[in-house]
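Data first, discussion second: the structure below is written as structure tokens.
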Amino acid sequence: MSSPTSPDRGAAVPPAVRSREDIDPRGRSRDRSWPPAPEPLPLPVIDNHCHLDFSDGDTELSVHDHVRLAREAGIDAQITIGSDLAANRWTTALMASPDRPASLRGGVAIHPNEAPLHARGHDHEGTALIDLDTAIAEVAEQLATPGMVVVGESGLDWFRTSKKDEAARAAQIDSFRAHIALAKERGLPLQIHDRDAHADVLDVLDADGAPDRTVLHCFSGDAEFARACVERGFYLSFAGTVTFKNADPLRQALATVGLGPVMVETDAPFLTPVPYRGRPNSSYLIPLTMATIAEVTGATLEEACRAVRATTEQVYGPIPAGPAA
Ligand SMILES: [Zn+2]
Ligand SMILES: [Zn+2]
């Protein structure tokens, strides 16, 4: 198979607009080399949440490189998610591009950590930003682009935005409610970002009524929260975090609900599965996460892949398998 470090030039899709920090949260520099490709999956699955607008790694990979490497590892479709204005515009341009790989789909939303910035009218550097209503109106327009299959990621994040900051909290809740309404109005699934906000996420969804297809992206709760989600008919998408050594509660959550409501994602370039934590992430590393999903649910890898793929298409509709780009 071709190596992750042989980029395919000349693709007329937009180049990445953001790059991931080279310093980790503890101030250490990261290993930016691409992990080797794992053993390919026996049956294909879909990466239902990645951020292809981010560049990472010591060798730049194009969208076509990511798609080709994923395909070779048995991930035959991907959904790339925009989460701020620039990323949403990038994702929209990619969806509209005649060179978009057939297996690529998109989603857009104002991320919960972006909502307070729009509400106060400027970003962390003081640059002016459009107000929250205008930003969400732009998302509503972008969702009409062919290839857009999901509203996301929206939700609540009490980790990076303090719950105690009244204005920020109100902006996140307003934004979440607007995205719930938008998903219902368009008949689209909703991908929820929930960080340290499980109870509040459920409260808002219960109060407003959740969309028919509601996905907890990068599920991070325990068994009790997983049950509460599944009782409501929600889907749980597991990322590389389920492979982390300290993630026993997450694995118990997965074991409790079984394969039925489960999907898989990378959240790439973040959350690289064990044993490559901290290094760049891409859809081609999903076999490492699928191995854990199979092990924890007591399924064979084939059974796990079949179930996860079927559930993913139930949520987003059929997505054609991508030819190697
Ligand atoms: Zn997220
Ligand atoms: Zn994400």
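If you're wondering about the labels, chains in the structure tokens are A, B, ... by order shown, residues count from 1 in each chain, ligands from 1 in order shown.
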
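Taking only C-alpha atoms and all ligand atoms into account, ligand 2 has within 10 Å the residues His49, Cys50, His51, Thr80, Ile81, Gly82, Ser83, His111, Gly152, Glu153, Ser154, Gln191, Ile192, His193, His217, Cys218, Ala239, Glu265, Thr266, Asp267, Ala268, Pro269, Phe270 and Leu271 of chain A.
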
As number ranges by chain, which residues of stretch 20-247 of chain A does DSSP assign to strand (DSSP E)?
A: 45-50, 54-55, 75-81, 104-108, 148-157, 190-195, 214-217, 235-238

What's around A:Ala86 at 12 Å? Count only C-alpha atoms, leave out sequence neighbours fewer than 5 positions away in its own chain, and write the answer as a PyMOL selection string.
chain A and resi 14+16-18+53-54+81+91-93+108-111+114+129+135+138-139

If you count only C-alpha atoms, which residues fall within 10 Å of A:Phe238, apart from same-chain ones fewer than 2 positions away, as number ranges by chain?
A: 48-49, 216-220, 235-236, 240-243, 250-251, 254, 262-267, 289-290, 293

Selected residues written out, N, CA, C and O atoms, as a CSV table (one decimal), in the first residue's frame:
chain,number,residue,atom,x,y,z
A,48,ASN,N,-17.8,9.2,10.8
A,48,ASN,CA,-18.9,10.2,10.7
A,48,ASN,C,-18.5,11.5,11.4
A,48,ASN,O,-19.4,12.4,11.4
A,49,HIS,N,-17.3,11.8,11.7
A,49,HIS,CA,-16.9,13.1,12.3
A,49,HIS,C,-15.4,13.3,12.2
A,49,HIS,O,-14.7,12.8,13.0
A,216,LEU,N,-24.6,11.9,19.7
A,216,LEU,CA,-23.6,12.4,20.7
A,216,LEU,C,-22.2,12.1,20.1
A,216,LEU,O,-21.7,11.0,20.1
A,217,HIS,N,-21.6,13.1,19.4
A,217,HIS,CA,-20.3,12.9,18.8
A,217,HIS,C,-19.2,12.8,19.9
A,217,HIS,O,-19.4,13.5,21.0
A,218,CYS,N,-18.2,12.0,19.7
A,218,CYS,CA,-17.1,11.8,20.7
A,218,CYS,C,-17.8,11.6,22.0
A,218,CYS,O,-17.5,12.3,23.0
A,219,PHE,N,-18.6,10.6,22.1
A,219,PHE,CA,-19.3,10.3,23.3
A,219,PHE,C,-18.3,10.2,24.5
A,219,PHE,O,-17.3,9.5,24.4
A,220,SER,N,-18.6,10.9,25.6
A,220,SER,CA,-17.7,11.0,26.7
A,220,SER,C,-18.3,10.6,28.1
A,220,SER,O,-17.7,11.0,29.1
A,235,TYR,N,-28.0,8.4,19.2
A,235,TYR,CA,-26.9,7.5,18.8
A,235,TYR,C,-25.6,8.0,19.4
A,235,TYR,O,-25.4,9.2,19.7
A,236,LEU,N,-24.7,7.1,19.7
A,236,LEU,CA,-23.4,7.4,20.4
A,236,LEU,C,-22.3,7.1,19.4
A,236,LEU,O,-22.1,6.0,18.9
A,240,GLY,N,-11.3,7.9,19.2
A,240,GLY,CA,-10.1,7.3,19.7
A,240,GLY,C,-10.0,7.3,21.2
A,240,GLY,O,-9.3,6.4,21.8
A,241,THR,N,-10.8,8.2,21.9
A,241,THR,CA,-10.8,8.2,23.4
A,241,THR,C,-11.2,6.9,24.0
A,241,THR,O,-10.7,6.6,25.1
A,242,VAL,N,-11.9,6.1,23.3
A,242,VAL,CA,-12.4,4.8,23.8
A,242,VAL,C,-11.2,3.8,24.0
A,242,VAL,O,-11.3,2.8,24.7
A,243,THR,N,-10.1,4.1,23.3
A,243,THR,CA,-8.9,3.2,23.4
A,243,THR,C,-8.0,3.7,24.5
A,243,THR,O,-7.0,3.0,24.8
A,250,LEU,N,-15.8,4.9,29.9
A,250,LEU,CA,-16.3,5.0,28.5
A,250,LEU,C,-16.5,3.6,27.9
A,250,LEU,O,-17.5,3.3,27.3
A,251,ARG,N,-15.6,2.7,28.2
A,251,ARG,CA,-15.7,1.3,27.8
A,251,ARG,C,-16.9,0.7,28.4
A,251,ARG,O,-17.6,-0.1,27.8
A,254,LEU,N,-20.0,1.8,26.6
A,254,LEU,CA,-20.1,1.1,25.4
A,254,LEU,C,-20.6,-0.4,25.6
A,254,LEU,O,-21.5,-0.8,24.9
A,262,VAL,N,-24.4,2.5,18.1
A,262,VAL,CA,-23.0,2.9,18.1
A,262,VAL,C,-22.4,3.2,16.7
A,262,VAL,O,-22.7,2.5,15.7
A,263,MET,N,-21.7,4.4,16.6
A,263,MET,CA,-21.0,4.7,15.3
A,263,MET,C,-19.6,5.0,15.7
A,263,MET,O,-19.2,5.0,16.9
A,264,VAL,N,-18.7,5.2,14.7
A,264,VAL,CA,-17.3,5.4,15.0
A,264,VAL,C,-16.9,6.7,14.2
A,264,VAL,O,-17.4,7.1,13.2
A,265,GLU,N,-15.9,7.4,14.8
A,265,GLU,CA,-15.4,8.6,14.3
A,265,GLU,C,-13.9,8.8,14.7
A,265,GLU,O,-13.4,8.1,15.6
A,266,THR,N,-13.3,9.8,14.1
A,266,THR,CA,-11.9,10.1,14.5
A,266,THR,C,-11.8,11.4,15.3
A,266,THR,O,-11.0,11.6,16.2
A,267,ASP,N,-12.7,12.4,14.9
A,267,ASP,CA,-12.5,13.8,15.4
A,267,ASP,C,-11.1,14.3,14.9
A,267,ASP,O,-10.6,15.2,15.6
A,289,THR,N,-9.5,2.0,16.6
A,289,THR,CA,-10.7,2.3,17.4
A,289,THR,C,-11.8,1.2,17.2
A,289,THR,O,-12.4,0.7,18.2
A,290,MET,N,-11.9,0.7,16.0
A,290,MET,CA,-12.9,-0.4,15.7
A,290,MET,C,-12.5,-1.7,16.5
A,290,MET,O,-13.3,-2.4,16.9
A,293,ILE,N,-13.8,-1.3,19.9
A,293,ILE,CA,-15.3,-1.3,19.9
A,293,ILE,C,-15.7,-2.8,19.8
A,293,ILE,O,-16.6,-3.3,20.5

Can you pull out the residues contacting stretch 198-204 of chain A? Cut-off 10 Å, using only C-alpha atoms, and skip same-chain residues under 3 positions away; I want them as a PDB file with C-alpha atoms, in the first residue's frame.
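Result written to part_22.pdb:
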ATOM      1  CA  GLY A 155     -24.085  21.516  21.974  1.00  0.00           C
ATOM      2  CA  LEU A 156     -22.532  22.656  25.249  1.00  0.00           C
ATOM      3  CA  ASP A 157     -18.917  22.840  26.416  1.00  0.00           C
ATOM      4  CA  TRP A 158     -18.337  23.716  30.067  1.00  0.00           C
ATOM      5  CA  ILE A 173     -27.595  27.540  25.144  1.00  0.00           C
ATOM      6  CA  ASP A 174     -29.169  29.964  22.620  1.00  0.00           C
ATOM      7  CA  PHE A 176     -27.636  24.978  20.801  1.00  0.00           C
ATOM      8  CA  ARG A 177     -31.392  25.626  20.725  1.00  0.00           C
ATOM      9  CA  ILE A 180     -31.803  21.899  17.329  1.00  0.00           C
ATOM     10  CA  ILE A 192     -23.864  17.161  19.526  1.00  0.00           C
ATOM     11  CA  HIS A 193     -20.622  18.304  21.127  1.00  0.00           C
ATOM     12  CA  ASP A 194     -20.959  17.635  24.872  1.00  0.00           C
ATOM     13  CA  ARG A 195     -17.961  18.374  27.046  1.00  0.00           C
ATOM     14  CA  ALA A 207     -37.180  20.862  26.841  1.00  0.00           C
ATOM     15  CA  ASP A 208     -37.043  21.605  23.101  1.00  0.00           C
ATOM     16  CA  GLY A 209     -37.547  18.084  21.732  1.00  0.00           C
ATOM     17  CA  ALA A 210     -34.579  16.376  20.102  1.00  0.00           C
ATOM     18  CA  LEU A 216     -23.583  12.394  20.684  1.00  0.00           C
ATOM     19  CA  PHE A 219     -19.306  10.267  23.331  1.00  0.00           C
ATOM     20  CA  SER A 220     -17.677  10.951  26.704  1.00  0.00           C
ATOM     21  CA  GLY A 221     -20.185   9.802  29.320  1.00  0.00           C
ATOM     22  CA  ASP A 222     -20.424   6.830  31.649  1.00  0.00           C
ATOM     23  CA  PHE A 225     -25.468   8.700  30.804  1.00  0.00           C
ATOM     24  CA  ALA A 226     -25.211   6.263  27.878  1.00  0.00           C
ATOM     25  CA  ALA A 228     -30.151   7.965  29.370  1.00  0.00           C
ATOM     26  CA  CYS A 229     -29.164   8.772  25.766  1.00  0.00           C
ATOM     27  CA  ARG A 232     -34.178   8.778  24.184  1.00  0.00           C
TER      28      ARG A 232
END

Excluding same-chain residues fewer than 3 positions from A:Ala77, what lies within 6 Å of it counting only C-alpha atoms, as a list in words?
Ile46, Ser103, Leu104 and Ala321 of chain A

Would you output that residue set with all heavy atoms, as a compact mmCIF listing (two decimals), in the first residue's frame?
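The new file selection_25.txt reads:
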# COMPACT_ATOMS: atom_id res chain seq x y z
N ILE A 46 -17.73 3.99 8.09
CA ILE A 46 -17.70 5.41 7.74
C ILE A 46 -17.19 6.20 8.95
O ILE A 46 -17.62 5.96 10.07
CB ILE A 46 -19.13 5.88 7.37
CG1 ILE A 46 -19.59 5.18 6.07
CG2 ILE A 46 -19.19 7.41 7.22
CD1 ILE A 46 -21.07 5.34 5.77
N SER A 103 -17.36 10.01 -1.94
CA SER A 103 -17.62 9.42 -0.63
C SER A 103 -17.55 10.43 0.50
O SER A 103 -17.65 10.06 1.66
CB SER A 103 -16.56 8.34 -0.37
OG SER A 103 -15.27 8.93 -0.41
N LEU A 104 -17.36 11.69 0.15
CA LEU A 104 -17.20 12.71 1.19
C LEU A 104 -18.50 13.47 1.39
O LEU A 104 -19.13 13.90 0.44
CB LEU A 104 -16.09 13.67 0.75
CG LEU A 104 -15.30 14.38 1.83
CD1 LEU A 104 -14.74 13.41 2.84
CD2 LEU A 104 -14.17 15.16 1.16
N ALA A 321 -19.49 4.40 -1.57
CA ALA A 321 -18.10 4.13 -1.23
C ALA A 321 -17.21 4.94 -2.15
O ALA A 321 -17.50 5.09 -3.33
CB ALA A 321 -17.80 2.65 -1.38

If you count only C-alpha atoms, the residue of A:Gly27, A:Pro35, A:Pro320, A:Pro40 closest to A:Val274 turns out to be A:Pro35

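Checking A:Ala183, A:Asp84, A:Leu288, A:Cys305 one by one against ligand 1, counting only C-alpha atoms and all ligand atoms, you find the shortest gap at A:Asp84.
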
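Going from atom CA of A:Ala181 to atom CA of A:Met148 covers 16.8 Å.
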
Nearest candidate to ligand 1 (options A:Arg160, A:Gly57, A:Ser97, A:Val149; using only C-alpha atoms and all ligand atoms)
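Nearest candidate to ligand 1 out of A:Arg160, A:Gly57, A:Ser97, A:Val149: A:Arg160.
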
To one decimal in Å, tell me the separation between atom CA of A:Gly187 and atom CA of A:Asp206.
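For atom CA of A:Gly187 relative to atom CA of A:Asp206, the distance reads 18.0 Å.
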
My list of candidates is A:Asp165, A:Glu313, A:Asp248, A:Glu72. Which is closest to A:Leu41 when distances are computed with only C-alpha atoms?
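Ranked by minimum distance to A:Leu41, first place goes to A:Glu72.
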
Extract, using only C-alpha atoms, all DNA, RNA and protein residues at most 9 Å from A:Gly233, discarding same-chain residues fewer than 6 positions from it, and format them as a ChimeraX atom specification.
/A:212-214,261

Between atom CA of A:Leu285 and atom CA of A:Ala37 - distance in Å to one decimal:
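About the pair atom CA of A:Ala37 and atom CA of A:Leu285: they are 6.6 Å apart.
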
Mind the document's chain letters and residue numbers, and return as a tab-separated table (two decimals) with C-alpha atoms, in the first residue's frame the residues of stretch 49-188 of chain A that DSSP labels helix (DSSP H, G or I).
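Written output follows (selection.tsv):
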chain	number	residue	atom	x	y	z
A	63	VAL	CA	-8.24	15.88	1.12
A	64	HIS	CA	-7.66	13.30	-1.62
A	65	ASP	CA	-4.75	11.81	0.36
A	66	HIS	CA	-6.95	11.44	3.45
A	67	VAL	CA	-9.70	9.81	1.37
A	68	ARG	CA	-7.30	7.42	-0.37
A	69	LEU	CA	-5.54	6.37	2.84
A	70	ALA	CA	-8.89	5.87	4.57
A	71	ARG	CA	-10.15	3.78	1.68
A	72	GLU	CA	-7.05	1.56	1.82
A	85	LEU	CA	-16.99	30.51	10.14
A	86	ALA	CA	-13.79	29.79	8.21
A	87	ALA	CA	-14.18	26.03	8.51
A	88	ASN	CA	-17.84	26.21	7.50
A	89	ARG	CA	-16.98	28.24	4.41
A	90	TRP	CA	-14.19	25.80	3.60
A	91	THR	CA	-16.52	22.79	4.04
A	92	THR	CA	-19.15	24.43	1.84
A	93	ALA	CA	-16.58	25.13	-0.90
A	94	LEU	CA	-15.41	21.52	-0.69
A	95	MET	CA	-18.97	20.16	-0.97
A	96	ALA	CA	-19.61	22.42	-3.97
A	115	ALA	CA	-21.04	30.88	20.10
A	116	PRO	CA	-19.96	33.20	22.97
A	117	LEU	CA	-17.41	34.87	20.66
A	118	HIS	CA	-20.15	35.73	18.14
A	119	ALA	CA	-22.42	36.88	20.95
A	120	ARG	CA	-19.81	39.36	22.22
A	132	LEU	CA	-24.63	34.89	16.57
A	133	ASP	CA	-27.94	35.15	14.68
A	134	THR	CA	-26.14	36.16	11.49
A	135	ALA	CA	-23.62	33.33	11.92
A	136	ILE	CA	-26.41	30.77	12.35
A	137	ALA	CA	-28.27	32.23	9.35
A	138	GLU	CA	-25.10	31.61	7.32
A	139	VAL	CA	-25.04	27.99	8.54
A	140	ALA	CA	-28.69	27.60	7.49
A	141	GLU	CA	-27.80	28.75	3.98
A	142	GLN	CA	-24.72	26.52	3.77
A	166	GLU	CA	-23.34	33.95	32.51
A	167	ALA	CA	-23.16	35.58	29.09
A	168	ALA	CA	-21.10	32.78	27.58
A	169	ARG	CA	-23.40	30.17	29.07
A	170	ALA	CA	-26.49	31.91	27.69
A	171	ALA	CA	-24.88	32.22	24.24
A	172	GLN	CA	-24.07	28.49	24.16
A	173	ILE	CA	-27.60	27.54	25.14
A	174	ASP	CA	-29.17	29.96	22.62
A	175	SER	CA	-26.91	28.62	19.89
A	176	PHE	CA	-27.64	24.98	20.80
A	177	ARG	CA	-31.39	25.63	20.72
A	178	ALA	CA	-31.14	27.35	17.34
A	179	HIS	CA	-29.24	24.36	15.91
A	180	ILE	CA	-31.80	21.90	17.33
A	181	ALA	CA	-34.56	23.91	15.63
A	182	LEU	CA	-32.58	24.04	12.37
A	183	ALA	CA	-32.02	20.26	12.30
A	184	LYS	CA	-35.73	19.64	12.89
A	185	GLU	CA	-36.79	22.20	10.28
A	186	ARG	CA	-34.50	20.64	7.64

For each of A:Gly298, A:Pro189, A:Pro42, A:Pro112, take the minimum atom-to-atom distance to ligand 1, counting only C-alpha atoms and all ligand atoms, then give the residue where this is smallest.
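Residue with the minimum atom-to-atom distance to ligand 1: A:Pro112.
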
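Using only C-alpha atoms and all ligand atoms, the shortest contact distance between ligand 1 and any of A:Ser237, A:Trp34, A:Val230, A:Ile23 is found at A:Ser237.
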